[in-house]
Structure formats: structure tokens, C-alpha cells
Amino acid sequence: MTRDRYVISLDELRMGDVDKVGGKNASLGEMISQLAQAHIRVPGGFATTAQAYRDFLKGAGLTDRIAARLKALDPGDVAALANAGAEIRGWIVAAPFPAALEAAIRAGYGAMMREGEAPVAVRSSATAEDLPDASFAGQQETFLNIHGLGEIMSAVRHVFASLYNDRAISYRVHKGFAHEAVALSAGVQRMVRSDLASSGVLFTIDTESGFQDVVFITAAYGLGETVVQGAVNPDEFYVHKPMLAAGKFPIIRRSLGSKAVKMIFTDDARAGRSTVTVGVPQAEQDRFCLTDEDVIELARYAVAIEKHYGRPMDVEWGKDGRDGKLYILQARPETVRSQKRAEGQERFRLKERSKVLVSGRAIGHKIGVGPVRVVKDASEMGRIRDGDVLVTDMTDPNWEPVMTRAAAIVTNRGGRTCHAAIIARELGIPAVVGSGDATRVLRDGTQVTVSCAEGDTGSVYEGALAFEVSTTSHAEMPELPVKIAMNVGNPHLAFDFQALPNAGVGLARLEFVINNMIGIHPQAVLDHPKLPPSLKAQVERAARGYANPREFYVAKLAEGVATIAAAFWPKPVIVRLSDFKSNEYRKLIGGKDYEPEEENPMLGFRGASRYVAESFRASFALECEAMKRVRNAMGLTNVELMVPFVRTVSEARRVIELLAEQGLRRGENGLRIVMMCEVPSNAILAETFLEHFDGFSIGSNDLTQLTLGVDRDSELVAESFDERDAAVESLLKAAIRACRKQGKYVGICGQGPSDHPDLAQWLMEEGIESMSLNPDTVVDTWISLGKQVAAGRGRKAGAGG
């Protein structure tokens, strides 16, 4: 045999060589040779060929022996699978390499070391691996920090044996791959010293929704195995591709992970096991492990790789702690979200709630119910039965044979790109990862409900809760004379909601962002240096990862708005400035020190009157700074502003002047500022109010409450609350006509059109420009209005005939 048949340098490989060296190694060669002009760094090395693997097995008499051993195996029998896998791996590890293969590996390693001695990684690359509709990620072994020819020979032999790990055998059966049709290539690659810096995984789409306009990056200290294995809760970053291309600041969201451990090299390297996991100092945990410049550079690499391959990609990367540079370690097709069709969406919704036992990162959007099965490690996998909720510290590929049985999966550790998350998505099973203490809190055998249908946070509820599943199809929507937008409060749901038919966002609420992503009263942020010690510590704890609490408040507010704006770009997103009442502000950290106790906060210190008050101006300035950052620095000029609860024309004038002082001037850089028409005075004096604004967004909830004198939160008078009351409709009509007369925007963002199809029809007939609905009613309301339009056309045609 010639050396060329057994070893090929990575820089000679292309994607057409998958049959020779597997998908992973072929992809490395493709990037080394084809993406250098994009300044993408990929460490060099060599790969053994599939022919070398087959000749090795055949020469050792193992080909037929392995086939016979697997022929009658039931992969669902965990014990039998483990015994067969262990036996086959033992045969392979004990078999000697052919002399020609040893010589080829020696020559390949010698060529690598001409650039200087360095540790290498030895990774598997299966010939059926990383195809667009199947991910074999992590099924075979990877060996890091390997030194010298002897260790390389041993690592390659163990890589070959790993083709018959339990999880690899089970997965091939599950995906319909014949065992003998899959061969293995070992990639020997110069190591990036990310043990001295950081590493992680990135996807060129959002892994949960399939939204394709973002790059999703995870990062943790040390070698990337901790991220892939789910041993660590990593930092997360979202980068908006259109703003990246436009040269704007494109990082639209960050989440600080705990990053409690990291994997580093050991001093006493042993073949195959030459790394150790150690704790990360608290100070390092409390800051992001990548700079903004690093995140943006990785995003540029991601976009270039995606463009080259012409499909969404899953990429592993590492930062070298010696030279400070970023490297791409492997790239493969994303195989879950990118394969799903977008004509319709299955939506899960809890019909009731109970006590939340644990929470973590939600994987997928489904709900699962079943008895808890706490499993300490892989040796207890045989305890898992169909329909169990699998609860464990973390999973690795060894768990795959039994994960298909679970109704849901809950882990203590892991982020959204860990093994448990990847397999749960592929199997369509809800999972909550990184919960922290699920194995301690959840009791074996008790019924629980695992919900991933409520945004980024997944919750494990006590008991078996009722839920519903609905499927909405929106392949073709009828044309309407009115625009259908939607109300969005939770930025974590924006990527999912954007897939619905829509004309943008008619109401983006800041309250969710302030309450759930910030949690601090703005005045406490401003007073941070002089706060009492206990309160100061709370504020600093919440603001970890940012330069100071003030920057944290502004950045988080900007990130929340930017996430929604990016999801719907370039469609308009109308952001309502904060409309917390004093009782709601009091619930924030420090709130009780700054807020009054009002008898009726619904009619008290809120909206425009709060903004212009001397006591709140500095706090409102933080809000304005965040909006300027989103529109100017981040380039998301589709953001428009809405001012809520403007009682008088004087307030209208003063708030517009204040916004201009803060750098948010009507018309500048296309900025449109509308007023929320929700106080009867707004409709009565509509034309006068409109002198100060670019239009109205009607808030039917408060308008109905204040017109009819009904407390909308009181069940005692709930029967009297109806947006279709003649008095309310009279004010709605006045507001719509005033806007139409002046050629200004008029929309509605209250609950009414979502709850009452007849009100939606009446508003359309009155000439309203836009209706902003709750996302779960968008499709049904759109179709209902389409039928009304079609019926009207039919009546006109009949009359004309």
C-alpha cells in the first residue's frame, strides 16, 4: 500500500473527499484551502483514510467477526449493547496496525512537526458523519494534548475502536446506517491553546426557532469539551447578520453563564487522557470570557463559512491564549432546525400552573409530562422506562440509546449547545438544561410537567398539568386592507414569533425587559456608589459582566429592544416607553426606597407625567440612552417610539421636548414617535394631541376602563368591561378619523381585537391602518378578516351584476 492511501495532509482535502476521510476532516481541508482569503484560521494536520481503517480491520480479521457479533443485537437492550460494544472495542485496541499504516502516520506526524513541536488533538471523522440530515457529533472519541508518535498511535487506535461505542452503534441503527457502510478517519490536528483562553460552539442560525438572521455563539474558559459535553453553563451571544454586514454594532444579546469549571492541559500527559477539569475563580465567572471584538470576529467567520457551504452551519472554535487569535476547529451542517419546514407551527401551551420546582435553559418549545427518574450516571441507564422524565447531572453520547425513551430531559449542567440539548432537539424532546440542582430537588417517581413553551427559561412544574397543542398553518394568507402586527413583550420569544405572518410589531413592551432582564430600579443604578452595603451588593450582583450598574441597565434595555427589532427587521417595531406603575416599580431591587405607596397606582404616577417629573428625569434618561443606542449604534432604525398615558396636551408638548433634549427628535434619522391613545381626553382632543405626535396607537384596555369607569382588574365588575360598548366605539371612531384627516398613523394595540373578531372587523371597516394582536390570535384573526373581505367583494360583485 502507498502512504497516500493511508494518510492525507488536511490542506490537500476538499468536501469531495468525504468518502476518503469523513465529513469532519473533509470540511477542515475545505476551509484551510478555500477560506484563507476570508482570513479564517484553521489549524493544520493530517488525516488517516477510510481505506486505512478498512485494511486495518480486514488485516486483523475483524471485519466479518464484528458483523457477526452485531447481526442479532437488539440496540434497545442496553446491557446487551454495552457488552457487544465493549467486546468489539477490545478486539480493535488489541489488534496491531499494518506496517504501512504505521509508516504513513509517522511520516504525516514528521511533516507536521517541521513547523515546531506542539501538542495535537486526535479526533474521529466518520464517512457517514455530518451529513445535512444527520449529526454524528460527539459519538466517537476525541483525544486532546497528545504528545509524541507513541501517544498518537495509541490515540488513533482508540479513535478507530470508538466507532463501536454504544451510542454510535445505537445511533446508526436509529438513522438507518449499515454498520459496515461507515468507516472511520482519524484527524491529527495541531492544538489551539484554548486551555489558556476560551472556546465554544457557534451556530449560524438560532438553534431554538431556526431564525436565520443571527449567529448564536456560546463560550466558556478552557478547552471546548466542557461546552460540548454540557459540563459548564457558557456565556451566550447573538449577533445580527444584517447589522454586521452594515458595519453597525451587531451584538444584540448577551447572557452571562456561570462557567464554573474549565478543562486544561495536565503536566503529566498520558495517552488519550491528558486533560483535567478545574474550578474557575469567581472573578472570572463574573465576567464574559470573550470581548465584543472577539464576538464580532467569530460572527464574521461564521457568515463566511455559511456562505461558502450554502447552508446553516454548526462550528467549533477556540481562542489561543498564547497569540490571542481565534481559530476554527471544525464545521458541519446544522441538522435540526434547518431541516424543518416553515409553512406551519406547532405550539404548546399550559392550561394551568403549579409550583415551579426547578428551572433552566429551555430546549425546544414542547411540553412533556411523566414520572421523575433520577439517574446518577450511565451505569443506571437501564432504569429508564418509556415516558420517564430523565433527570441527571449531565449527559454524554453514551446516553443516546435511552434518551429516545424519555418524555423530557432535565440536567443540572449544560448550555444550549451541549450534548443533551443537541440530541433533545433532534429527537423532538423538551429539555431543561443547566438547572443547577434538579437531581437534588426532584424526587424519583413523582409526576412533573416539563415546559419549554414559555421562552428561554424552561420550568419543571409540580404534578401532571394539562396542556394543549395547536398547529397553525400559514402557507398563504389573504390580502387585507389593514396591516396585522403583533404585541411582543418577551424578547426571548421574538425569533419564534417573527415566523408568523405579520407587518411588524405594534407594541413592544419594555416592562418585561426591566422586570426580568434587569430587575433593578433605575434610581438605584444611578445611586449605586452611595447605596447601603446590602442593597449595593444586590445591585452589583445583578450587574455582573458589565462595566458598572449604569452600563448594565442601559445595555440590557438596549439588548431587549434590539432582539425584538432584529427579529422583525426591517419591519417597523413600535416600542412603548416604560409604563410601570409605582406598585410595580416597588418590586424591583431598591424600588421601595424610591417609590410612593399610592392608593390607586393605575391612575397615579405613570407614563408621560413620570417622564417629565424632576424626580424621574435622570431615570428616564437611561431609557432614552438605550433607545439611541439601538437606533444609532446598532443601526436598528425600524424602532419607533410610543409614549403612554399622556393626560394633557401640555404633557404631550413637554414630553416631546424632553425626548428631543435626550437626542430622540421626531423625524431625525427617520424616527417616528406616536402617542398611546388610551385616555378619553386623547380622543376628545385628538387633533390637538396629534400636533405633537406622528400618530396614535390606541390602547383599548385603558381607554375602555376610563371611559366606562370600570376597574379592568376587578372580577366584581368584569361583566361591564367591553371594548365594543357604544361609548368606547365613539371614541375609537373619533381617534381614527382625526388621524386619517391629518394623514398620520393610526393603529390599535389593546386586547380587544384579539378577543373579539367582530371588533376587529369593525375597526377594519372604520379604516384603521394597523391592528397589533397577541401572537396566538394572529393567524385566526387574519383568516377571519380575509373571509369578511372576500364576502364583501362577493356582495359588491352580486350587486353590480
# chains A, B, ... in the order shown; residues from 1 in each chain; ligands from 1
$ residues_around --residues "A:Arg443" --least-positions-apart "3" --cutoff "12 Å" --atoms "only C-alpha atoms" --output "PDB file with all heavy atoms, in the first residue's frame"
ATOM      1  N   LEU A 357     -40.561  23.793  40.430  1.00  0.00           N
ATOM      2  CA  LEU A 357     -39.588  23.076  41.261  1.00  0.00           C
ATOM      3  C   LEU A 357     -38.156  23.460  40.897  1.00  0.00           C
ATOM      4  O   LEU A 357     -37.342  23.718  41.779  1.00  0.00           O
ATOM      5  CB  LEU A 357     -39.795  21.571  41.112  1.00  0.00           C
ATOM      6  CG  LEU A 357     -41.195  21.064  41.493  1.00  0.00           C
ATOM      7  CD1 LEU A 357     -41.325  19.578  41.194  1.00  0.00           C
ATOM      8  CD2 LEU A 357     -41.469  21.337  42.968  1.00  0.00           C
ATOM      9  N   VAL A 358     -37.846  23.476  39.609  1.00  0.00           N
ATOM     10  CA  VAL A 358     -36.529  23.921  39.140  1.00  0.00           C
ATOM     11  C   VAL A 358     -36.718  24.579  37.766  1.00  0.00           C
ATOM     12  O   VAL A 358     -37.723  24.362  37.090  1.00  0.00           O
ATOM     13  CB  VAL A 358     -35.493  22.764  39.007  1.00  0.00           C
ATOM     14  CG1 VAL A 358     -35.181  22.145  40.349  1.00  0.00           C
ATOM     15  CG2 VAL A 358     -35.963  21.711  38.012  1.00  0.00           C
ATOM     16  N   PRO A 371     -43.206  10.657  35.120  1.00  0.00           N
ATOM     17  CA  PRO A 371     -42.575  10.464  36.427  1.00  0.00           C
ATOM     18  C   PRO A 371     -41.079  10.761  36.369  1.00  0.00           C
ATOM     19  O   PRO A 371     -40.410  10.459  35.389  1.00  0.00           O
ATOM     20  CB  PRO A 371     -42.826   8.974  36.712  1.00  0.00           C
ATOM     21  CG  PRO A 371     -42.905   8.343  35.360  1.00  0.00           C
ATOM     22  CD  PRO A 371     -43.539   9.380  34.459  1.00  0.00           C
ATOM     23  N   VAL A 372     -40.565  11.355  37.429  1.00  0.00           N
ATOM     24  CA  VAL A 372     -39.135  11.662  37.513  1.00  0.00           C
ATOM     25  C   VAL A 372     -38.337  10.374  37.639  1.00  0.00           C
ATOM     26  O   VAL A 372     -38.703   9.475  38.407  1.00  0.00           O
ATOM     27  CB  VAL A 372     -38.855  12.570  38.734  1.00  0.00           C
ATOM     28  CG1 VAL A 372     -37.360  12.678  39.001  1.00  0.00           C
ATOM     29  CG2 VAL A 372     -39.466  13.938  38.521  1.00  0.00           C
ATOM     30  N   ARG A 373     -37.251  10.288  36.882  1.00  0.00           N
ATOM     31  CA  ARG A 373     -36.300   9.190  37.031  1.00  0.00           C
ATOM     32  C   ARG A 373     -34.918   9.803  37.197  1.00  0.00           C
ATOM     33  O   ARG A 373     -34.304  10.256  36.226  1.00  0.00           O
ATOM     34  CB  ARG A 373     -36.315   8.270  35.816  1.00  0.00           C
ATOM     35  CG  ARG A 373     -35.596   6.954  36.053  1.00  0.00           C
ATOM     36  CD  ARG A 373     -36.337   6.068  37.033  1.00  0.00           C
ATOM     37  NE  ARG A 373     -37.694   5.774  36.593  1.00  0.00           N
ATOM     38  CZ  ARG A 373     -38.728   5.594  37.407  1.00  0.00           C
ATOM     39  NH1 ARG A 373     -38.544   5.694  38.718  1.00  0.00           N
ATOM     40  NH2 ARG A 373     -39.930   5.338  36.940  1.00  0.00           N
ATOM     41  N   VAL A 374     -34.448   9.898  38.442  1.00  0.00           N
ATOM     42  CA  VAL A 374     -33.139  10.478  38.715  1.00  0.00           C
ATOM     43  C   VAL A 374     -32.082   9.416  38.468  1.00  0.00           C
ATOM     44  O   VAL A 374     -32.087   8.356  39.102  1.00  0.00           O
ATOM     45  CB  VAL A 374     -33.044  10.994  40.168  1.00  0.00           C
ATOM     46  CG1 VAL A 374     -31.659  11.580  40.428  1.00  0.00           C
ATOM     47  CG2 VAL A 374     -34.116  12.051  40.432  1.00  0.00           C
ATOM     48  N   VAL A 375     -31.178   9.702  37.542  1.00  0.00           N
ATOM     49  CA  VAL A 375     -30.146   8.744  37.142  1.00  0.00           C
ATOM     50  C   VAL A 375     -28.781   9.362  37.435  1.00  0.00           C
ATOM     51  O   VAL A 375     -28.439  10.412  36.886  1.00  0.00           O
ATOM     52  CB  VAL A 375     -30.276   8.381  35.645  1.00  0.00           C
ATOM     53  CG1 VAL A 375     -29.199   7.393  35.232  1.00  0.00           C
ATOM     54  CG2 VAL A 375     -31.657   7.813  35.366  1.00  0.00           C
ATOM     55  N   VAL A 389     -39.326  11.134  32.871  1.00  0.00           N
ATOM     56  CA  VAL A 389     -38.596  12.396  32.775  1.00  0.00           C
ATOM     57  C   VAL A 389     -37.185  12.124  33.294  1.00  0.00           C
ATOM     58  O   VAL A 389     -36.982  11.907  34.495  1.00  0.00           O
ATOM     59  CB  VAL A 389     -39.277  13.509  33.590  1.00  0.00           C
ATOM     60  CG1 VAL A 389     -38.401  14.758  33.618  1.00  0.00           C
ATOM     61  CG2 VAL A 389     -40.641  13.839  32.993  1.00  0.00           C
ATOM     62  N   LEU A 390     -36.234  12.075  32.385  1.00  0.00           N
ATOM     63  CA  LEU A 390     -34.852  11.750  32.719  1.00  0.00           C
ATOM     64  C   LEU A 390     -34.202  12.948  33.417  1.00  0.00           C
ATOM     65  O   LEU A 390     -34.108  14.026  32.839  1.00  0.00           O
ATOM     66  CB  LEU A 390     -34.082  11.385  31.446  1.00  0.00           C
ATOM     67  CG  LEU A 390     -32.558  11.287  31.541  1.00  0.00           C
ATOM     68  CD1 LEU A 390     -32.138  10.243  32.570  1.00  0.00           C
ATOM     69  CD2 LEU A 390     -31.968  10.946  30.172  1.00  0.00           C
ATOM     70  N   VAL A 391     -33.746  12.749  34.647  1.00  0.00           N
ATOM     71  CA  VAL A 391     -33.107  13.804  35.429  1.00  0.00           C
ATOM     72  C   VAL A 391     -31.705  13.346  35.796  1.00  0.00           C
ATOM     73  O   VAL A 391     -31.533  12.286  36.421  1.00  0.00           O
ATOM     74  CB  VAL A 391     -33.910  14.115  36.712  1.00  0.00           C
ATOM     75  CG1 VAL A 391     -33.231  15.209  37.526  1.00  0.00           C
ATOM     76  CG2 VAL A 391     -35.338  14.526  36.361  1.00  0.00           C
ATOM     77  N   THR A 392     -30.699  14.125  35.411  1.00  0.00           N
ATOM     78  CA  THR A 392     -29.320  13.732  35.679  1.00  0.00           C
ATOM     79  C   THR A 392     -28.431  14.973  35.748  1.00  0.00           C
ATOM     80  O   THR A 392     -28.883  16.081  35.432  1.00  0.00           O
ATOM     81  CB  THR A 392     -28.816  12.749  34.600  1.00  0.00           C
ATOM     82  OG1 THR A 392     -27.551  12.205  34.996  1.00  0.00           O
ATOM     83  CG2 THR A 392     -28.692  13.440  33.249  1.00  0.00           C
ATOM     84  N   ASP A 437     -29.683  22.281  40.211  1.00  0.00           N
ATOM     85  CA  ASP A 437     -29.888  21.354  41.327  1.00  0.00           C
ATOM     86  C   ASP A 437     -31.057  20.396  41.114  1.00  0.00           C
ATOM     87  O   ASP A 437     -31.688  19.956  42.075  1.00  0.00           O
ATOM     88  CB  ASP A 437     -30.090  22.129  42.626  1.00  0.00           C
ATOM     89  CG  ASP A 437     -31.253  23.127  42.542  1.00  0.00           C
ATOM     90  OD1 ASP A 437     -31.869  23.232  41.460  1.00  0.00           O
ATOM     91  OD2 ASP A 437     -31.527  23.797  43.554  1.00  0.00           O
ATOM     92  N   ALA A 438     -31.348  20.039  39.886  1.00  0.00           N
ATOM     93  CA  ALA A 438     -32.509  19.178  39.606  1.00  0.00           C
ATOM     94  C   ALA A 438     -32.384  17.820  40.283  1.00  0.00           C
ATOM     95  O   ALA A 438     -33.370  17.278  40.802  1.00  0.00           O
ATOM     96  CB  ALA A 438     -32.676  19.002  38.097  1.00  0.00           C
ATOM     97  N   THR A 439     -31.180  17.242  40.291  1.00  0.00           N
ATOM     98  CA  THR A 439     -31.022  15.908  40.882  1.00  0.00           C
ATOM     99  C   THR A 439     -31.250  15.917  42.392  1.00  0.00           C
ATOM    100  O   THR A 439     -31.570  14.887  42.987  1.00  0.00           O
ATOM    101  CB  THR A 439     -29.622  15.347  40.581  1.00  0.00           C
ATOM    102  OG1 THR A 439     -28.633  16.286  41.011  1.00  0.00           O
ATOM    103  CG2 THR A 439     -29.445  15.093  39.100  1.00  0.00           C
ATOM    104  N   ARG A 440     -31.081  17.076  43.033  1.00  0.00           N
ATOM    105  CA  ARG A 440     -31.319  17.190  44.469  1.00  0.00           C
ATOM    106  C   ARG A 440     -32.785  17.494  44.783  1.00  0.00           C
ATOM    107  O   ARG A 440     -33.371  16.942  45.725  1.00  0.00           O
ATOM    108  CB  ARG A 440     -30.427  18.289  45.067  1.00  0.00           C
ATOM    109  CG  ARG A 440     -30.587  18.484  46.571  1.00  0.00           C
ATOM    110  CD  ARG A 440     -29.735  19.631  47.078  1.00  0.00           C
ATOM    111  NE  ARG A 440     -30.122  20.913  46.507  1.00  0.00           N
ATOM    112  CZ  ARG A 440     -31.147  21.644  46.964  1.00  0.00           C
ATOM    113  NH1 ARG A 440     -31.895  21.199  47.963  1.00  0.00           N
ATOM    114  NH2 ARG A 440     -31.428  22.806  46.407  1.00  0.00           N
ATOM    115  N   THR A 446     -42.018  10.916  41.278  1.00  0.00           N
ATOM    116  CA  THR A 446     -43.074  11.927  41.360  1.00  0.00           C
ATOM    117  C   THR A 446     -43.409  12.467  39.971  1.00  0.00           C
ATOM    118  O   THR A 446     -42.538  12.601  39.116  1.00  0.00           O
ATOM    119  CB  THR A 446     -42.659  13.096  42.266  1.00  0.00           C
ATOM    120  OG1 THR A 446     -41.438  13.662  41.769  1.00  0.00           O
ATOM    121  CG2 THR A 446     -42.430  12.618  43.685  1.00  0.00           C
ATOM    122  N   GLN A 447     -44.664  12.778  39.756  1.00  0.00           N
ATOM    123  CA  GLN A 447     -45.107  13.304  38.474  1.00  0.00           C
ATOM    124  C   GLN A 447     -44.724  14.779  38.346  1.00  0.00           C
ATOM    125  O   GLN A 447     -44.931  15.563  39.284  1.00  0.00           O
ATOM    126  CB  GLN A 447     -46.624  13.159  38.333  1.00  0.00           C
ATOM    127  CG  GLN A 447     -47.107  11.738  38.112  1.00  0.00           C
ATOM    128  CD  GLN A 447     -46.873  11.280  36.680  1.00  0.00           C
ATOM    129  OE1 GLN A 447     -46.961  12.059  35.735  1.00  0.00           O
ATOM    130  NE2 GLN A 447     -46.585   9.988  36.509  1.00  0.00           N
ATOM    131  N   VAL A 448     -44.184  15.149  37.207  1.00  0.00           N
ATOM    132  CA  VAL A 448     -43.843  16.544  36.932  1.00  0.00           C
ATOM    133  C   VAL A 448     -44.218  16.894  35.503  1.00  0.00           C
ATOM    134  O   VAL A 448     -44.441  16.012  34.665  1.00  0.00           O
ATOM    135  CB  VAL A 448     -42.329  16.836  37.147  1.00  0.00           C
ATOM    136  CG1 VAL A 448     -41.924  16.627  38.588  1.00  0.00           C
ATOM    137  CG2 VAL A 448     -41.483  15.987  36.205  1.00  0.00           C
ATOM    138  N   GLU A 462     -44.600  21.125  39.430  1.00  0.00           N
ATOM    139  CA  GLU A 462     -45.072  20.037  40.266  1.00  0.00           C
ATOM    140  C   GLU A 462     -46.335  19.438  39.673  1.00  0.00           C
ATOM    141  O   GLU A 462     -47.269  20.158  39.295  1.00  0.00           O
ATOM    142  CB  GLU A 462     -45.357  20.587  41.663  1.00  0.00           C
ATOM    143  CG  GLU A 462     -45.667  19.551  42.711  1.00  0.00           C
ATOM    144  CD  GLU A 462     -45.800  20.189  44.085  1.00  0.00           C
ATOM    145  OE1 GLU A 462     -46.606  21.144  44.229  1.00  0.00           O
ATOM    146  OE2 GLU A 462     -45.079  19.773  44.990  1.00  0.00           O
ATOM    147  N   GLY A 463     -46.396  18.115  39.570  1.00  0.00           N
ATOM    148  CA  GLY A 463     -47.600  17.434  39.115  1.00  0.00           C
ATOM    149  C   GLY A 463     -47.748  17.358  37.605  1.00  0.00           C
ATOM    150  O   GLY A 463     -46.976  17.958  36.850  1.00  0.00           O
TER     151      GLY A 463
END
$ residues_around --residues "stretch 622-626 of chain A" --least-positions-apart "6" --cutoff "8 Å" --atoms "only C-alpha atoms" --output "PyMOL selection string"
chain A and resi 522+553-555+557-558+577+659+662-664
$ write_last_selection --atoms "N, CA, C and O atoms" --output "PDB file, in the first residue's frame"
ATOM      1  N   PRO A 522     -34.227  51.989  38.315  1.00  0.00           N
ATOM      2  CA  PRO A 522     -33.214  52.820  37.654  1.00  0.00           C
ATOM      3  C   PRO A 522     -32.528  53.814  38.589  1.00  0.00           C
ATOM      4  O   PRO A 522     -31.348  54.120  38.418  1.00  0.00           O
ATOM      5  N   TYR A 553     -27.725  48.535  33.062  1.00  0.00           N
ATOM      6  CA  TYR A 553     -29.124  48.913  32.847  1.00  0.00           C
ATOM      7  C   TYR A 553     -29.353  49.332  31.397  1.00  0.00           C
ATOM      8  O   TYR A 553     -30.286  48.852  30.731  1.00  0.00           O
ATOM      9  N   VAL A 554     -28.508  50.211  30.901  1.00  0.00           N
ATOM     10  CA  VAL A 554     -28.674  50.716  29.534  1.00  0.00           C
ATOM     11  C   VAL A 554     -28.466  49.595  28.517  1.00  0.00           C
ATOM     12  O   VAL A 554     -29.248  49.443  27.569  1.00  0.00           O
ATOM     13  N   ALA A 555     -27.418  48.793  28.714  1.00  0.00           N
ATOM     14  CA  ALA A 555     -27.104  47.736  27.751  1.00  0.00           C
ATOM     15  C   ALA A 555     -28.200  46.681  27.718  1.00  0.00           C
ATOM     16  O   ALA A 555     -28.599  46.230  26.629  1.00  0.00           O
ATOM     17  N   LEU A 557     -31.365  46.998  28.543  1.00  0.00           N
ATOM     18  CA  LEU A 557     -32.558  47.573  27.927  1.00  0.00           C
ATOM     19  C   LEU A 557     -32.382  47.617  26.411  1.00  0.00           C
ATOM     20  O   LEU A 557     -33.294  47.257  25.647  1.00  0.00           O
ATOM     21  N   ALA A 558     -31.208  48.030  25.963  1.00  0.00           N
ATOM     22  CA  ALA A 558     -30.920  48.070  24.529  1.00  0.00           C
ATOM     23  C   ALA A 558     -30.958  46.668  23.927  1.00  0.00           C
ATOM     24  O   ALA A 558     -31.499  46.465  22.830  1.00  0.00           O
ATOM     25  N   LEU A 577     -42.447  53.197  25.540  1.00  0.00           N
ATOM     26  CA  LEU A 577     -41.583  53.546  26.655  1.00  0.00           C
ATOM     27  C   LEU A 577     -42.210  53.046  27.957  1.00  0.00           C
ATOM     28  O   LEU A 577     -43.409  52.794  28.020  1.00  0.00           O
ATOM     29  N   LEU A 659     -37.804  64.433  25.032  1.00  0.00           N
ATOM     30  CA  LEU A 659     -37.204  63.422  24.153  1.00  0.00           C
ATOM     31  C   LEU A 659     -36.201  64.069  23.205  1.00  0.00           C
ATOM     32  O   LEU A 659     -35.119  63.513  22.960  1.00  0.00           O
ATOM     33  N   GLN A 662     -33.015  64.737  24.843  1.00  0.00           N
ATOM     34  CA  GLN A 662     -32.265  63.499  25.069  1.00  0.00           C
ATOM     35  C   GLN A 662     -31.736  62.886  23.764  1.00  0.00           C
ATOM     36  O   GLN A 662     -31.180  61.791  23.762  1.00  0.00           O
ATOM     37  N   GLY A 663     -31.910  63.612  22.649  1.00  0.00           N
ATOM     38  CA  GLY A 663     -31.383  63.119  21.367  1.00  0.00           C
ATOM     39  C   GLY A 663     -32.338  62.256  20.584  1.00  0.00           C
ATOM     40  O   GLY A 663     -31.933  61.572  19.638  1.00  0.00           O
ATOM     41  N   LEU A 664     -33.618  62.269  20.960  1.00  0.00           N
ATOM     42  CA  LEU A 664     -34.636  61.492  20.243  1.00  0.00           C
ATOM     43  C   LEU A 664     -35.655  62.482  19.680  1.00  0.00           C
ATOM     44  O   LEU A 664     -36.730  62.703  20.227  1.00  0.00           O
TER      45      LEU A 664
END
$ residues_around --residues "stretch 631-648 of chain A" --least-positions-apart "6" --cutoff "7 Å" --atoms "only C-alpha atoms" --output "list in words"
Met243, Lys248, Phe249, Pro250, Ala565, Trp569, Pro570, Lys571, Pro572, Val573, Ile574, Val575, Arg576, Leu577, Asp579, Gly607, Ala608, Leu671, Arg672, Ile673, Val674, Met675, Met676, Glu678, Val679 and Ser681 of chain A
$ closest_residue --among "A:Val746, A:Arg89, A:Ile169, A:Gln37" --to "A:Leu70" --atoms "only C-alpha atoms"
A:Ile169
$ atom_distance --atom1 "atom CA of A:Asp377" --atom2 "atom CA of A:Ala219"
25.6 Å
$ residues_around --residues "A:Gly110" --least-positions-apart "3" --cutoff "12 Å" --atoms "only C-alpha atoms" --output "JSON, numbers by chain"
{"A": [9, 45, 46, 103, 104, 105, 106, 107, 113, 114, 115, 116, 117, 118, 148, 149, 152, 188]}
